[in-house]
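Okay, so here's the structure we're looking at.
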Amino acid sequence: MSEPTQKYSITMPRDIAEAARARSGPSGLSAYVAAAVARQIERDNLNELIQVAEAQHGPITEDEVQALRDQLHQAREQQTGKGESAA
């Protein structure tokens, strides 16, 4: 079952509204905007979690970020079978 909906009136720059309408497809502008707002809420929540973690454990360094990116890249390669041929 769908979540209950409510009608809202929002104001945004015309060029953004027209670009969103052009990309919204058959689901419509309301669904497109709702999905964009949901993604932004997820990002905001993630940023809050990062702030809490950094307050408790200190900021993550660029080296740590790069090491995690490398691990993710290696895992993706192994998942697609690209990493196996290099062994």
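Chain labels run A, B, ... following the order of the structure tokens; each chain numbers its residues from 1, and ligands are numbered from 1 in the order shown.
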
*asked:* Residues within 10 Å of stretch 14-26 of chain A, please, as a PyMOL selection string. Count only C-alpha atoms; anything in the same chain fewer than 6 positions from it doesn't count.
replied: chain A and resi 32-33+36

Any chance you can output those residues with N, CA and C atoms as a compact mmCIF listing (two decimals), in the first residue's frame?
# COMPACT_ATOMS: atom_id res chain seq x y z
N TYR A 32 8.82 12.70 -9.10
CA TYR A 32 10.21 13.06 -9.33
C TYR A 32 10.73 13.95 -8.20
N VAL A 33 9.94 14.95 -7.84
CA VAL A 33 10.33 15.86 -6.76
C VAL A 33 10.37 15.11 -5.43
N ALA A 36 13.56 13.17 -5.23
CA ALA A 36 14.70 14.07 -5.02
C ALA A 36 14.77 14.53 -3.57

_Residue set, chain A restricted to alpha helix (DSSP H), as JSON, numbers by chain_ = {"A": [14, 15, 16, 17, 18, 19, 20, 21, 22, 23, 29, 30, 31, 32, 33, 34, 35, 36, 37, 38, 39, 40, 41, 42, 43, 44, 45, 46, 47, 48, 49, 50, 51, 52, 53, 54, 55, 56, 57, 62, 63, 64, 65, 66, 67, 68, 69, 70, 71, 72, 73, 74, 75, 76, 77, 78, 79, 80]}

List as an mmCIF file with N, CA, C and O atoms, in the first residue's frame the protein and nucleic acid residues near stretch 7-9 of chain A, meaning an atom at most 12 Å away when only C-alpha atoms are counted, but skip any in the same chain fewer than 6 places from it.
data_model
loop_
_atom_site.group_PDB
_atom_site.id
_atom_site.type_symbol
_atom_site.label_atom_id
_atom_site.label_comp_id
_atom_site.auth_asym_id
_atom_site.auth_seq_id
_atom_site.Cartn_x
_atom_site.Cartn_y
_atom_site.Cartn_z
ATOM 1 N N SER A 30 5.434 15.265 -9.517
ATOM 2 C CA SER A 30 5.328 15.082 -8.072
ATOM 3 C C SER A 30 6.202 13.919 -7.595
ATOM 4 O O SER A 30 6.912 14.033 -6.592
ATOM 5 N N ALA A 31 6.164 12.800 -8.289
ATOM 6 C CA ALA A 31 6.977 11.649 -7.909
ATOM 7 C C ALA A 31 8.461 11.965 -8.061
ATOM 8 O O ALA A 31 9.281 11.555 -7.228
ATOM 9 N N VAL A 33 9.943 14.946 -7.838
ATOM 10 C CA VAL A 33 10.330 15.857 -6.761
ATOM 11 C C VAL A 33 10.370 15.109 -5.427
ATOM 12 O O VAL A 33 11.293 15.301 -4.626
ATOM 13 N N ALA A 34 9.410 14.250 -5.167
ATOM 14 C CA ALA A 34 9.396 13.480 -3.925
ATOM 15 C C ALA A 34 10.644 12.611 -3.809
ATOM 16 O O ALA A 34 11.254 12.508 -2.731
#

_Gap from atom CA of A:Pro59 to atom CA of A:Leu46 - Å, one decimal_ = 14.7 Å
